[in-house]
Amino acid sequence: VDKIHEFIKDITQNYNGKNAIKKCLEEILSDIIATYLMGPAYACAAILMHFNPVSAYEEKEGHIAHAKRAYAIIHMLNWMNDQHYEKPYSNIIEKLTLEWTSALKQAKQPEDMNENDRTLLDMWMTEISNKGVIRKGLGIYSPFTLKSWWRSQEISELIDNEKIENYKPQATDNLIQVLNAALFSCIHNPDKLERIEEYAHHVWDNWNNWKEKTK
């Protein structure tokens, strides 16, 4: 955590209105840390369920614009994708980008940020990546792993095919994997959101029951 605070101090010290820049950077870091720890689940929930395309470029109540946050989250997901030869998140990144861009277009908002904002965010994200701010700053906290993503897709396939009775709990299963599985299913089956939520709860309950029995 000290590494993250040092980075914020280094970045903001040369800006006028450093308090506003500090708050903006803190919010960006919160989003990319959550993406780093939770994987595509956080990205999907934020961009598809929380961010408002109608007011995407408005700075509200001390919070930065949703468009900036979406840009940073997708940037982080791209960085995570590039760490693996398999490029596991390519499809989800493409889907998220398309959904967000389409939402902006329908809301009659620009599809891209202005050049100054994009340049600033690109600079911050490059600095964060090059200095290993997230990896070093989080210490003992584990990132969302490729193994977890593959497991999430296995669970998602059971949800999609309505075959959750075939779910076989594993000791390494966790809530983040189930959340990723559920959100992955939501993207492919947007007309079955309630059923997907029900199945995801069922999977998690099954895992907890299994865990209790194996203590």
# chains A, B, ... in the order shown; residues from 1 in each chain; ligands from 1
$ residues_around --residues "Ile8 in chain A" --least-positions-apart "2" --cutoff "10 Å" --atoms "only C-alpha atoms" --output "PyMOL selection string"
chain A and resi 2-6+10-13+21-23+25-26+29+124+133
$ write_last_selection --atoms "N, CA, C and O atoms" --output "short mmCIF file (atom, residue, chain, number, x, y, z; two decimals), in the first residue's frame"
data_model
loop_
_atom_site.label_atom_id
_atom_site.label_comp_id
_atom_site.auth_asym_id
_atom_site.auth_seq_id
_atom_site.Cartn_x
_atom_site.Cartn_y
_atom_site.Cartn_z
N ASP A 2 2.00 1.23 0.72
CA ASP A 2 2.90 2.38 0.75
C ASP A 2 3.39 2.72 -0.66
O ASP A 2 3.55 3.91 -1.00
N LYS A 3 3.64 1.70 -1.46
CA LYS A 3 4.09 1.90 -2.83
C LYS A 3 3.04 2.68 -3.63
O LYS A 3 3.38 3.56 -4.44
N ILE A 4 1.77 2.39 -3.40
CA ILE A 4 0.69 3.08 -4.11
C ILE A 4 0.60 4.53 -3.66
O ILE A 4 0.46 5.44 -4.49
N HIS A 5 0.73 4.77 -2.35
CA HIS A 5 0.69 6.14 -1.85
C HIS A 5 1.87 6.96 -2.37
O HIS A 5 1.73 8.14 -2.70
N GLU A 6 3.04 6.34 -2.45
CA GLU A 6 4.22 7.02 -2.98
C GLU A 6 4.00 7.41 -4.44
O GLU A 6 4.38 8.50 -4.88
N ASP A 10 4.09 11.14 -6.03
CA ASP A 10 5.03 11.49 -7.11
C ASP A 10 4.31 12.07 -8.32
O ASP A 10 4.78 13.04 -8.93
N ILE A 11 3.17 11.48 -8.67
CA ILE A 11 2.44 11.93 -9.85
C ILE A 11 1.82 13.31 -9.64
O ILE A 11 1.83 14.16 -10.54
N THR A 12 1.28 13.55 -8.46
CA THR A 12 0.48 14.76 -8.24
C THR A 12 1.30 15.98 -7.83
O THR A 12 0.81 17.10 -7.92
N GLN A 13 2.55 15.80 -7.42
CA GLN A 13 3.29 16.91 -6.84
C GLN A 13 3.56 18.06 -7.80
O GLN A 13 3.71 19.22 -7.38
N ILE A 21 -6.47 16.34 -8.75
CA ILE A 21 -5.76 15.30 -9.50
C ILE A 21 -5.57 14.07 -8.62
O ILE A 21 -5.72 12.93 -9.08
N LYS A 22 -5.25 14.29 -7.35
CA LYS A 22 -5.06 13.18 -6.41
C LYS A 22 -6.33 12.35 -6.29
O LYS A 22 -6.28 11.12 -6.33
N LYS A 23 -7.46 13.01 -6.16
CA LYS A 23 -8.73 12.29 -6.03
C LYS A 23 -9.04 11.51 -7.30
O LYS A 23 -9.52 10.37 -7.25
N LEU A 25 -6.85 10.35 -9.49
CA LEU A 25 -5.91 9.23 -9.59
C LEU A 25 -6.27 8.12 -8.60
O LEU A 25 -6.18 6.93 -8.93
N GLU A 26 -6.72 8.49 -7.41
CA GLU A 26 -7.13 7.50 -6.43
C GLU A 26 -8.30 6.67 -6.93
O GLU A 26 -8.35 5.45 -6.72
N LEU A 29 -7.06 4.32 -9.62
CA LEU A 29 -6.33 3.22 -9.01
C LEU A 29 -7.27 2.22 -8.34
O LEU A 29 -7.05 1.01 -8.41
N TRP A 124 -0.64 7.88 -17.11
CA TRP A 124 -0.77 7.27 -15.79
C TRP A 124 -0.71 5.76 -15.87
O TRP A 124 -0.01 5.11 -15.09
N VAL A 133 3.40 -0.71 -9.94
CA VAL A 133 2.74 -0.11 -8.77
C VAL A 133 1.74 -1.06 -8.13
O VAL A 133 1.73 -1.25 -6.92
#
$ residues_around --residues "Ala67 in chain A" --least-positions-apart "4" --cutoff "12 Å" --atoms "only C-alpha atoms" --output "ChimeraX atom specification"
/A:28,46-47,50-59,63,71-74,97,100-101,103-104,109-114,117-118,121
$ write_last_selection --atoms "N, CA, C and O atoms" --output "CSV table (one decimal), in the first residue's frame"
chain,number,residue,atom,x,y,z
A,28,ILE,N,-9.1,6.2,-10.1
A,28,ILE,CA,-8.6,5.3,-11.2
A,28,ILE,C,-7.9,4.1,-10.6
A,28,ILE,O,-8.1,3.0,-11.1
A,46,ALA,N,-18.9,-3.0,-13.5
A,46,ALA,CA,-18.8,-1.5,-13.5
A,46,ALA,C,-19.3,-1.0,-14.8
A,46,ALA,O,-20.1,0.0,-14.9
A,47,ILE,N,-18.8,-1.5,-15.9
A,47,ILE,CA,-19.1,-0.9,-17.3
A,47,ILE,C,-20.5,-1.2,-17.7
A,47,ILE,O,-21.2,-0.3,-18.3
A,50,HIS,N,-23.1,-0.4,-13.9
A,50,HIS,CA,-23.0,0.8,-13.1
A,50,HIS,C,-22.8,2.1,-13.8
A,50,HIS,O,-23.5,3.1,-13.5
A,51,PHE,N,-21.9,2.1,-14.8
A,51,PHE,CA,-21.6,3.4,-15.5
A,51,PHE,C,-22.8,3.8,-16.3
A,51,PHE,O,-23.4,3.0,-17.0
A,52,ASN,N,-23.0,5.1,-16.3
A,52,ASN,CA,-24.2,5.7,-17.1
A,52,ASN,C,-23.7,6.4,-18.3
A,52,ASN,O,-23.0,7.4,-18.3
A,53,PRO,N,-24.0,5.9,-19.5
A,53,PRO,CA,-23.5,6.5,-20.8
A,53,PRO,C,-24.1,7.9,-21.0
A,53,PRO,O,-23.5,8.7,-21.7
A,54,VAL,N,-25.3,8.1,-20.5
A,54,VAL,CA,-25.9,9.4,-20.7
A,54,VAL,C,-25.1,10.6,-20.1
A,54,VAL,O,-25.0,11.6,-20.6
A,55,SER,N,-24.5,10.3,-18.9
A,55,SER,CA,-23.7,11.3,-18.2
A,55,SER,C,-22.2,10.9,-18.2
A,55,SER,O,-21.5,11.2,-17.2
A,56,ALA,N,-21.8,10.1,-19.2
A,56,ALA,CA,-20.5,9.5,-19.2
A,56,ALA,C,-19.3,10.5,-19.0
A,56,ALA,O,-18.3,10.1,-18.5
A,57,TYR,N,-19.5,11.7,-19.5
A,57,TYR,CA,-18.4,12.7,-19.4
A,57,TYR,C,-18.6,13.7,-18.4
A,57,TYR,O,-17.8,14.7,-18.3
A,58,GLU,N,-19.5,13.5,-17.5
A,58,GLU,CA,-19.8,14.5,-16.4
A,58,GLU,C,-18.9,14.1,-15.2
A,58,GLU,O,-18.9,13.0,-14.8
A,59,GLU,N,-18.4,15.2,-14.5
A,59,GLU,CA,-17.7,15.0,-13.3
A,59,GLU,C,-18.7,15.3,-12.2
A,59,GLU,O,-19.1,16.5,-12.1
A,63,HIS,N,-16.5,12.9,-8.1
A,63,HIS,CA,-16.1,11.7,-8.8
A,63,HIS,C,-15.8,12.0,-10.2
A,63,HIS,O,-16.3,12.9,-10.8
A,71,TYR,N,-12.4,3.6,-19.5
A,71,TYR,CA,-11.2,3.6,-20.3
A,71,TYR,C,-10.0,3.0,-19.5
A,71,TYR,O,-9.3,2.1,-20.0
A,72,ALA,N,-9.9,3.4,-18.2
A,72,ALA,CA,-8.9,2.8,-17.3
A,72,ALA,C,-9.1,1.3,-17.1
A,72,ALA,O,-8.1,0.5,-17.1
A,73,ILE,N,-10.3,0.9,-16.8
A,73,ILE,CA,-10.6,-0.5,-16.5
A,73,ILE,C,-10.3,-1.4,-17.7
A,73,ILE,O,-9.6,-2.4,-17.6
A,74,ILE,N,-10.7,-0.9,-18.9
A,74,ILE,CA,-10.4,-1.7,-20.1
A,74,ILE,C,-8.9,-1.7,-20.4
A,74,ILE,O,-8.3,-2.8,-20.9
A,97,THR,N,-15.9,-3.4,-24.8
A,97,THR,CA,-15.6,-2.2,-25.6
A,97,THR,C,-16.8,-1.9,-26.6
A,97,THR,O,-17.2,-0.7,-26.7
A,100,TRP,N,-19.9,-0.8,-24.5
A,100,TRP,CA,-19.8,0.6,-23.9
A,100,TRP,C,-19.9,1.6,-25.1
A,100,TRP,O,-20.6,2.7,-24.9
A,101,THR,N,-19.2,1.4,-26.2
A,101,THR,CA,-19.2,2.3,-27.3
A,101,THR,C,-20.6,2.4,-27.9
A,101,THR,O,-21.1,3.5,-28.2
A,103,ALA,N,-23.4,1.9,-26.2
A,103,ALA,CA,-24.2,2.6,-25.2
A,103,ALA,C,-24.0,4.1,-25.3
A,103,ALA,O,-24.9,4.9,-25.3
A,104,LEU,N,-22.7,4.5,-25.5
A,104,LEU,CA,-22.4,6.0,-25.7
A,104,LEU,C,-23.1,6.5,-27.0
A,104,LEU,O,-23.7,7.6,-27.0
A,109,GLN,N,-23.6,10.5,-27.1
A,109,GLN,CA,-22.4,11.0,-26.4
A,109,GLN,C,-21.2,10.6,-27.3
A,109,GLN,O,-21.2,9.6,-28.1
A,110,PRO,N,-20.1,11.4,-27.3
A,110,PRO,CA,-18.9,11.0,-28.0
A,110,PRO,C,-18.4,9.6,-27.7
A,110,PRO,O,-18.5,9.2,-26.5
A,111,GLU,N,-18.0,8.9,-28.7
A,111,GLU,CA,-17.5,7.6,-28.5
A,111,GLU,C,-16.0,7.5,-27.9
A,111,GLU,O,-15.6,6.5,-27.3
A,112,ASP,N,-15.3,8.7,-28.0
A,112,ASP,CA,-14.0,8.8,-27.5
A,112,ASP,C,-13.8,10.0,-26.6
A,112,ASP,O,-14.5,11.0,-26.9
A,113,MET,N,-12.9,9.9,-25.7
A,113,MET,CA,-12.6,11.1,-24.8
A,113,MET,C,-11.8,12.1,-25.6
A,113,MET,O,-11.3,11.8,-26.7
A,114,ASN,N,-11.7,13.3,-25.1
A,114,ASN,CA,-10.9,14.3,-25.8
A,114,ASN,C,-9.4,13.9,-25.7
A,114,ASN,O,-9.0,13.1,-24.8
A,117,ASP,N,-7.5,14.3,-22.2
A,117,ASP,CA,-7.8,13.3,-21.1
A,117,ASP,C,-7.3,12.0,-21.4
A,117,ASP,O,-6.8,11.3,-20.6
A,118,ARG,N,-7.3,11.6,-22.7
A,118,ARG,CA,-6.8,10.3,-23.1
A,118,ARG,C,-5.3,10.2,-22.9
A,118,ARG,O,-4.8,9.2,-22.4
A,121,LEU,N,-4.5,9.9,-19.1
A,121,LEU,CA,-4.8,8.5,-18.6
A,121,LEU,C,-3.8,7.5,-19.2
A,121,LEU,O,-3.3,6.6,-18.4
$ select_by_dssp --residues "range 10-190 of chain A" --states "alpha helix (DSSP H)" --output "ChimeraX atom specification"
/A:10-12,18-38,40-44,66-82,90-106,115-130,133-137,146-160,175-188
$ write_last_selection --atoms "C-alpha atoms" --output "short mmCIF file (atom, residue, chain, number, x, y, z; two decimals), in the first residue's frame"
data_model
loop_
_atom_site.label_atom_id
_atom_site.label_comp_id
_atom_site.auth_asym_id
_atom_site.auth_seq_id
_atom_site.Cartn_x
_atom_site.Cartn_y
_atom_site.Cartn_z
CA ASP A 10 5.03 11.49 -7.11
CA ILE A 11 2.44 11.93 -9.85
CA THR A 12 0.48 14.76 -8.24
CA LYS A 18 -3.14 18.67 -6.92
CA ASN A 19 -5.99 17.70 -4.61
CA ALA A 20 -8.37 17.28 -7.55
CA ILE A 21 -5.76 15.30 -9.50
CA LYS A 22 -5.06 13.18 -6.41
CA LYS A 23 -8.73 12.29 -6.03
CA CYS A 24 -8.99 11.45 -9.73
CA LEU A 25 -5.91 9.23 -9.59
CA GLU A 26 -7.13 7.50 -6.43
CA GLU A 27 -10.41 6.61 -8.10
CA ILE A 28 -8.63 5.32 -11.20
CA LEU A 29 -6.33 3.22 -9.01
CA SER A 30 -9.32 1.82 -7.10
CA ASP A 31 -10.85 0.64 -10.37
CA ILE A 32 -7.72 -0.95 -11.76
CA ILE A 33 -6.87 -2.62 -8.44
CA ALA A 34 -10.38 -4.11 -8.31
CA THR A 35 -9.94 -5.32 -11.91
CA TYR A 36 -6.54 -6.80 -11.04
CA LEU A 37 -7.96 -8.69 -8.05
CA MET A 38 -11.39 -9.69 -9.40
CA PRO A 40 -13.40 -9.42 -15.79
CA ALA A 41 -16.18 -9.69 -13.17
CA TYR A 42 -15.41 -6.21 -11.86
CA ALA A 43 -14.97 -4.78 -15.35
CA CYS A 44 -18.32 -6.18 -16.50
CA HIS A 66 -17.54 7.27 -15.99
CA ALA A 67 -15.94 7.42 -19.45
CA LYS A 68 -12.50 7.88 -17.85
CA ARG A 69 -13.09 5.04 -15.45
CA ALA A 70 -14.27 2.71 -18.24
CA TYR A 71 -11.18 3.60 -20.28
CA ALA A 72 -8.85 2.81 -17.35
CA ILE A 73 -10.59 -0.49 -16.55
CA ILE A 74 -10.40 -1.71 -20.14
CA HIS A 75 -6.77 -0.54 -20.30
CA MET A 76 -5.99 -2.64 -17.21
CA LEU A 77 -7.82 -5.66 -18.60
CA ASN A 78 -5.77 -5.31 -21.78
CA TRP A 79 -2.58 -5.23 -19.70
CA MET A 80 -3.65 -8.38 -17.83
CA ASN A 81 -4.48 -10.01 -21.17
CA ASP A 82 -1.02 -9.22 -22.52
CA SER A 90 -9.54 -10.83 -25.70
CA ASN A 91 -13.17 -11.79 -26.29
CA ILE A 92 -14.44 -10.16 -23.12
CA ILE A 93 -12.46 -6.98 -23.85
CA GLU A 94 -13.90 -6.81 -27.35
CA LYS A 95 -17.42 -7.37 -26.00
CA LEU A 96 -17.06 -4.76 -23.24
CA THR A 97 -15.61 -2.18 -25.62
CA LEU A 98 -18.39 -2.76 -28.14
CA GLU A 99 -21.14 -2.60 -25.49
CA TRP A 100 -19.79 0.60 -23.95
CA THR A 101 -19.22 2.29 -27.31
CA SER A 102 -22.72 1.30 -28.47
CA ALA A 103 -24.23 2.64 -25.23
CA LEU A 104 -22.43 5.97 -25.71
CA LYS A 105 -23.64 6.18 -29.29
CA GLN A 106 -27.26 5.47 -28.29
CA GLU A 115 -7.19 13.96 -26.65
CA ASN A 116 -5.93 15.66 -23.46
CA ASP A 117 -7.84 13.34 -21.13
CA ARG A 118 -6.82 10.26 -23.09
CA THR A 119 -3.16 11.33 -23.11
CA LEU A 120 -3.19 11.90 -19.35
CA LEU A 121 -4.80 8.53 -18.63
CA ASP A 122 -2.40 6.76 -21.00
CA MET A 123 0.53 8.37 -19.19
CA TRP A 124 -0.77 7.27 -15.79
CA MET A 125 -1.48 3.74 -16.94
CA THR A 126 1.97 3.44 -18.52
CA GLU A 127 3.60 4.66 -15.30
CA ILE A 128 1.54 2.23 -13.24
CA SER A 129 2.53 -0.69 -15.49
CA ASN A 130 6.21 0.22 -15.85
CA VAL A 133 2.74 -0.11 -8.77
CA ILE A 134 -0.16 -2.53 -8.40
CA ARG A 135 1.85 -5.74 -8.17
CA LYS A 136 4.33 -4.36 -5.63
CA GLY A 137 1.84 -2.19 -3.78
CA LEU A 146 -5.49 -17.49 -15.57
CA LYS A 147 -6.37 -20.72 -13.76
CA SER A 148 -9.27 -18.93 -12.06
CA TRP A 149 -10.49 -17.64 -15.42
CA TRP A 150 -10.50 -21.12 -16.96
CA ARG A 151 -12.39 -22.43 -13.93
CA SER A 152 -14.89 -19.56 -14.20
CA GLN A 153 -15.58 -20.51 -17.79
CA GLU A 154 -16.16 -24.15 -16.82
CA ILE A 155 -18.75 -23.03 -14.27
CA SER A 156 -20.24 -20.57 -16.77
CA GLU A 157 -20.71 -23.38 -19.28
CA LEU A 158 -22.72 -25.35 -16.70
CA ILE A 159 -24.86 -22.27 -16.03
CA ASP A 160 -25.39 -21.60 -19.76
CA LEU A 175 -16.65 -16.50 -4.83
CA ILE A 176 -14.68 -14.43 -7.36
CA GLN A 177 -14.69 -17.37 -9.77
CA VAL A 178 -18.46 -17.78 -9.39
CA LEU A 179 -18.99 -14.04 -9.96
CA ASN A 180 -16.88 -14.18 -13.11
CA ALA A 181 -18.82 -17.22 -14.30
CA ALA A 182 -22.16 -15.51 -13.69
CA LEU A 183 -21.19 -12.26 -15.41
CA PHE A 184 -19.68 -14.17 -18.32
CA SER A 185 -23.03 -15.98 -18.70
CA CYS A 186 -24.95 -12.69 -18.44
CA ILE A 187 -23.04 -11.28 -21.40
CA HIS A 188 -23.94 -14.28 -23.55
#
$ closest_residue --among "A:Gln83, A:Ile164, A:Lys131, A:Gly39" --to "His201 in chain A" --atoms "only C-alpha atoms"
A:Ile164
$ atom_distance --atom1 "CA of Asn166 in chain A" --atom2 "CA of Ala45 in chain A"
26.5 Å
